[in-house]
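Listing of model_5.txt; format and content: compact mmCIF, C-alpha atoms.
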# COMPACT_ATOMS: atom_id res chain seq x y z
CA MET A 1 -23.89 18.12 40.49
CA ASP A 2 -23.22 21.72 39.44
CA THR A 3 -22.90 23.52 42.79
CA ASP A 4 -22.90 27.00 41.22
CA LYS A 5 -26.14 26.26 39.43
CA VAL A 6 -27.78 25.22 42.68
CA ASP A 7 -26.61 28.41 44.37
CA ASP A 8 -28.05 30.50 41.55
CA THR A 9 -31.37 28.72 41.85
CA ASN A 10 -31.46 29.25 45.60
CA ASP A 11 -30.70 32.93 45.09
CA LEU A 12 -33.57 33.24 42.64
CA LYS A 13 -35.88 31.71 45.24
CA ARG A 14 -34.69 34.10 47.94
CA PRO A 15 -37.56 36.43 48.99
CA THR A 16 -37.41 39.85 47.32
CA LEU A 17 -37.04 41.76 50.57
CA ASP A 18 -34.15 39.55 51.71
CA LYS A 19 -32.33 40.18 48.43
CA MET A 20 -32.91 43.94 48.79
CA ARG A 21 -31.56 43.89 52.37
CA LEU A 22 -28.33 42.26 51.21
CA GLU A 23 -27.92 44.61 48.25
CA SER A 24 -28.53 47.77 50.29
CA LEU A 25 -25.51 46.93 52.46
CA GLU A 26 -23.23 47.01 49.45
CA LEU A 27 -23.16 50.80 49.10
CA LYS A 28 -20.26 53.15 49.81
CA GLU A 29 -20.95 56.73 50.89
CA LEU A 30 -18.75 59.70 49.99
CA ASN A 31 -19.41 63.13 51.48
CA LEU A 32 -18.30 65.91 49.11
CA THR A 33 -17.31 68.97 51.15
CA ALA A 34 -15.13 71.29 49.06
CA LEU A 35 -14.12 72.14 45.50
CA ASN A 36 -10.55 73.40 45.20
CA GLY A 37 -10.63 74.38 48.88
CA LYS A 38 -13.93 76.28 48.70
CA PRO A 39 -17.31 75.06 50.06
CA ILE A 40 -18.78 72.64 47.54
CA ASN A 41 -22.18 74.33 47.51
CA GLY A 42 -20.75 77.84 47.39
CA ASN A 43 -21.38 77.40 43.69
CA ILE A 44 -24.51 75.34 43.09
CA ASN A 45 -24.03 75.13 39.33
CA ALA A 46 -20.52 73.71 39.73
CA ALA A 47 -21.71 71.25 42.40
CA TRP A 48 -24.41 70.01 40.06
CA GLU A 49 -21.90 69.62 37.21
CA ILE A 50 -19.83 67.37 39.46
CA ILE A 51 -22.81 65.16 40.33
CA GLU A 52 -24.04 65.01 36.74
CA GLY A 53 -20.53 64.22 35.53
CA ALA A 54 -20.14 61.49 38.14
CA TYR A 55 -23.20 59.77 36.70
CA CYS A 56 -22.33 60.26 33.02
CA LEU A 57 -18.64 59.33 33.31
CA VAL A 58 -18.56 56.81 36.17
CA LEU A 59 -21.91 55.63 37.56
CA GLU A 60 -24.08 55.19 34.47
CA GLU A 61 -24.18 51.41 34.89
CA ASP A 62 -24.71 51.40 38.67
CA PRO A 63 -28.41 50.63 39.37
CA LYS A 64 -28.14 51.70 43.02
CA TRP A 65 -26.16 54.97 43.01
CA HIS A 66 -27.83 58.13 44.30
CA PHE A 67 -27.00 61.59 45.59
CA PHE A 68 -28.25 64.05 48.20
CA TYR A 69 -27.83 67.80 48.70
CA GLU A 70 -27.01 68.53 52.35
CA ASP A 71 -26.45 72.32 52.55
CA SER A 72 -22.73 72.40 53.39
CA TYR A 73 -21.87 69.13 51.62
CA ASN A 74 -23.27 66.64 49.12
CA ILE A 75 -23.57 62.86 49.37
CA ILE A 76 -22.91 60.35 46.62
CA ARG A 77 -23.54 56.66 47.36
CA CYS A 78 -22.60 53.93 44.91
CA SER A 79 -21.92 50.21 44.66
CA TYR A 80 -18.46 49.21 45.86
CA GLU A 81 -17.34 48.14 42.39
CA PHE A 82 -17.57 51.79 41.26
CA VAL A 83 -15.88 53.41 44.27
CA ASP A 84 -12.32 53.56 42.93
CA ARG A 85 -13.45 55.10 39.66
CA LEU A 86 -15.63 57.61 41.51
CA LYS A 87 -12.74 58.64 43.75
CA ALA A 88 -10.45 59.09 40.75
CA TYR A 89 -13.10 61.27 39.10
CA LEU A 90 -13.57 63.42 42.23
CA ASP A 91 -9.80 63.79 42.62
CA GLU A 92 -9.58 64.98 39.03
CA CYS A 93 -12.32 67.53 39.71
CA GLY A 94 -10.48 68.87 42.75
CA VAL A 95 -13.17 67.71 45.17
CA THR A 96 -12.43 67.13 48.85
CA TYR A 97 -14.49 64.31 50.36
CA SER A 98 -14.74 62.15 53.45
CA GLU A 99 -15.51 58.43 53.57
CA PRO A 100 -17.81 56.93 56.19
CA VAL A 101 -17.14 53.19 56.43
CA PHE A 102 -20.51 52.29 54.90
CA TRP A 103 -23.98 53.72 54.56
CA ILE A 104 -26.02 53.80 57.77
CA ASP A 105 -28.77 56.37 57.35
CA SER A 106 -29.16 58.99 60.07
CA ALA A 107 -32.97 59.01 59.84
CA VAL A 108 -34.53 56.22 61.87
CA ALA A 109 -37.43 55.71 59.44
CA VAL A 110 -34.99 55.28 56.56
CA ARG A 111 -32.53 53.16 58.53
CA GLU A 112 -35.24 50.64 59.44
CA HIS A 113 -36.27 50.30 55.78
CA GLN A 114 -32.96 51.15 54.14
CA HIS A 115 -33.21 48.30 51.63
CA ILE A 116 -36.51 49.72 50.34
CA PHE A 117 -35.41 53.36 50.31
CA CYS A 118 -32.27 52.52 48.32
CA PRO A 119 -34.03 51.93 44.96
CA MET A 120 -36.32 54.90 45.63
CA PHE A 121 -33.34 57.19 46.19
CA HIS A 122 -31.84 55.91 42.93
CA THR A 123 -35.10 56.61 41.09
CA PHE A 124 -35.36 60.14 42.46
CA SER A 125 -31.73 60.82 41.52
CA MET A 126 -32.35 59.60 37.98
CA LEU A 127 -35.41 61.85 37.69
CA ALA A 128 -33.16 64.78 38.54
CA ILE A 129 -30.45 63.64 36.12
CA SER A 130 -33.04 63.31 33.35
CA GLY A 131 -33.95 66.98 33.73
CA TYR A 132 -37.64 66.20 34.08
CA SER A 133 -38.10 68.66 36.97
CA SER A 134 -36.60 71.58 35.03
CA ASN A 135 -39.42 74.05 35.69
CA TYR A 136 -42.04 74.72 38.37
CA PHE A 137 -44.96 73.01 36.64
CA GLU A 138 -42.98 69.85 35.91
CA LEU A 139 -41.56 69.81 39.44
CA TYR A 140 -45.05 70.20 40.91
CA SER A 141 -46.45 67.44 38.67
CA LEU A 142 -43.60 65.14 39.61
CA PHE A 143 -44.02 65.80 43.32
CA ASP A 144 -47.77 65.22 43.05
CA ARG A 145 -47.21 61.79 41.48
CA VAL A 146 -44.60 60.80 44.05
CA ALA A 147 -46.71 61.91 47.03
CA HIS A 148 -49.98 60.45 45.71
CA CYS A 149 -48.47 57.10 44.73
CA PHE A 150 -46.84 56.70 48.14
CA LEU A 151 -50.14 57.31 49.94
CA ASN A 152 -52.07 55.19 47.44
CA HIS A 153 -49.86 52.20 48.17
CA GLN A 154 -50.36 52.67 51.90
CA VAL A 155 -54.16 52.82 51.76
CA PHE A 156 -54.74 49.21 52.88
CA ARG A 157 -52.52 49.69 55.93
CA MET A 158 -53.97 53.09 56.82
CA LEU A 159 -57.67 52.26 57.23
CA PRO A 160 -57.79 53.41 60.89
CA VAL A 161 -56.29 56.77 59.86
CA ILE A 162 -58.60 57.07 56.84
CA ASN A 163 -61.67 56.26 58.91
CA ARG A 164 -60.70 58.96 61.39
CA LEU A 165 -59.85 61.66 58.82
CA GLY A 166 -62.60 60.95 56.28
CA SER A 167 -62.64 61.14 52.48
CA ASN A 168 -60.12 64.00 52.38
CA TRP A 169 -57.53 62.03 54.33
CA GLU A 170 -54.87 62.36 51.63
CA ALA A 171 -55.22 66.14 51.45
CA GLN A 172 -55.10 66.41 55.25
CA LEU A 173 -51.92 64.36 55.47
CA ALA A 174 -50.31 66.33 52.64
CA SER A 175 -51.20 69.70 54.18
CA SER A 176 -49.97 68.58 57.62
CA TYR A 177 -46.69 67.52 56.05
CA ALA A 178 -46.35 70.86 54.23
CA VAL A 179 -46.82 72.82 57.45
CA SER A 180 -44.45 70.65 59.49
CA ARG A 181 -41.80 70.75 56.74
CA ALA A 182 -42.06 74.54 56.52
CA PHE A 183 -41.55 74.76 60.28
CA TYR A 184 -38.53 72.46 60.07
CA THR A 185 -36.82 74.32 57.25
CA ALA A 186 -37.45 77.66 58.96
CA ASN A 187 -35.61 76.40 62.02
CA VAL A 188 -32.61 75.09 60.10
CA ALA A 189 -32.45 77.92 57.56
CA THR A 190 -29.28 77.79 55.52
CA ASN A 191 -27.10 80.67 54.41
CA VAL A 192 -25.80 78.71 51.42
CA LEU A 193 -28.58 79.79 49.06
CA HIS A 194 -28.67 83.56 49.38
CA GLU A 195 -29.70 86.50 47.21
CA ASN A 196 -26.21 87.19 45.97
CA ILE A 197 -25.43 83.66 44.82
CA ASN A 198 -25.18 84.74 41.17
CA LYS A 199 -22.61 87.37 42.11
CA GLU A 200 -20.68 84.85 44.17
CA GLU A 201 -20.68 82.38 41.31
CA GLU A 202 -19.41 85.05 38.94
CA ARG A 203 -16.58 85.97 41.33
CA SER A 204 -15.58 82.33 41.71
CA LYS A 205 -15.77 81.53 38.01
CA TRP A 206 -12.01 81.10 37.71
CA TRP A 207 -11.79 78.19 40.14
CA VAL A 208 -14.81 76.51 38.63
CA GLU A 209 -13.13 76.59 35.23
CA LYS A 210 -9.89 75.34 36.76
CA CYS A 211 -11.55 72.36 38.42
CA LEU A 212 -14.11 71.37 35.83
CA GLY A 213 -12.45 72.23 32.52
CA LYS A 214 -11.15 68.71 31.88
CA ILE A 215 -14.38 67.10 32.97
CA ARG A 216 -16.40 69.30 30.62
CA LYS A 217 -14.18 68.24 27.72
CA ARG A 218 -14.74 64.56 28.57
CA MET A 219 -18.51 65.13 28.79
CA ARG A 220 -18.55 66.85 25.38
CA ALA A 221 -16.45 64.08 23.88
CA LYS A 222 -18.81 61.42 25.22
CA LYS A 223 -21.88 63.23 23.86
CA ASN A 224 -20.24 63.64 20.44
CA THR A 225 -19.30 59.94 20.39
CA SER A 226 -22.86 58.88 21.25
CA LEU A 227 -24.16 60.88 18.29
CA VAL A 228 -21.91 59.09 15.81

Translate the structure of the given file into structure tokens.
Amino acid sequence: MDTDKVDDTNDLKRPTLDKMRLESLELKELNLTALNGKPINGNINAAWEIIEGAYCLVLEEDPKWHFFYEDSYNIIRCSYEFVDRLKAYLDECGVTYSEPVFWIDSAVAVREHQHIFCPMFHTFSMLAISGYSSNYFELYSLFDRVAHCFLNHQVFRMLPVINRLGSNWEAQLASSYAVSRAFYTANVATNVLHENINKEEERSKWWVEKCLGKIRKRMRAKKNTSLV
């Protein structure tokens, strides 16, 4: 009997959530803190180039990778098979990063459902990479779809809440979230994004060019090759 074939069949029969739980554990987290010795998000445009380049040059075939902006640092998570290539890329860019052993989310709600959040985080990252949310109207439309679809899928489990709030339950939940989020961000206001960021980026242009010059050439070469 072909043992491998039996194992494959058993894996196919494994419940979807069980498969997702196993796969979500196979992610490595890197925290990007500095670019050539300067705070990584001191130059937002350069930080974004690094993330976009990581996808285009290293992580394009990873169906689970995702990133997060975290004020003073950025997170990139990827499958373990891509870690060495990602590190080599970051080293070439001049990025300083730390390496938690593996991904354990700090938010309790995410940690308890980490296997489900993983593909969502990937999807949101790919929406950003695609450039869909490049202006206010598109960003608003995208957020509306994300928020509405989440609540729509919860409707069967939320009947007690819906019965209490009435027909405008979705609007009430959304407005409550907006207020609570505004309160939260006001209390953890960051000084990273400030009025003079364009001036700061102009002053630091030399180190951006130094760190990202090679990467930009590789990106241009890849785009030119794809057009052939």

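Counting all atoms listed in the file, the residue from A:Leu90, A:Leu17, A:Val83, A:Val95 that sits nearest to Gly37 (chain A) is A:Val95.
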
Using all atoms listed in the file: which of A:Leu32, A:Leu151, A:Leu57, A:Met120 has the shortest distance to Trp169 (chain A): A:Leu151

Exercise: Leu35 (chain A) partners within 8 Å, all atoms listed in the file, chain neighbours under 6 positions left out, as a VMD selection string: chain A and resid 93 to 96 211

Proximity to Asn43 (chain A) - best of A:Ser175, A:Pro63, A:Ser72, A:Glu29, all atoms listed in the file: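 Ranking A:Ser175, A:Pro63, A:Ser72, A:Glu29 by distance to Asn43 (chain A), first place goes to A:Ser72.
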
Between CA of Phe124 (chain A) and CA of Ser167 (chain A), distance in Å (one decimal):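 One can read the CA of Phe124 (chain A) to CA of Ser167 (chain A) distance as 29.1 Å.
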
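Candidate residues A:Phe156, A:Trp65, A:Tyr55, A:Tyr89 were compared for distance to Pro119 (chain A), and the nearest is A:Trp65, using all atoms listed in the file.
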
Separation of CA of Ala107 (chain A) from CA of Arg77 (chain A), in Å and rounded to one decimal: 15.8 Å

Coordinates-based distance that separates CA of His115 (chain A) from CA of Met20 (chain A) (Å, one decimal):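 These two atoms are separated by 5.2 Å.
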
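Nearest residue to Glu52 (chain A), choosing from A:Arg216, A:Lys38, A:His148, A:His153 and counting all atoms listed in the file: A:Arg216.
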
Around region 38-55 of chain A, with edges along x, y and z and 4 Å added on all six sides, what centre and edge lengths do you get, in Å to one decimal, as AutoDock Vina command-line options?
--center_x -19.2 --center_y 68.8 --center_z 42.8 --size_x 18.6 --size_y 26.1 --size_z 22.5

Neighbour list for Asn74 (chain A) as a VMD selection string, cut-off 9 Å, only C-alpha atoms, skip fewer than 3 positions in-chain: chain A and resid 30 to 33 40 to 41 47 51 67 to 71
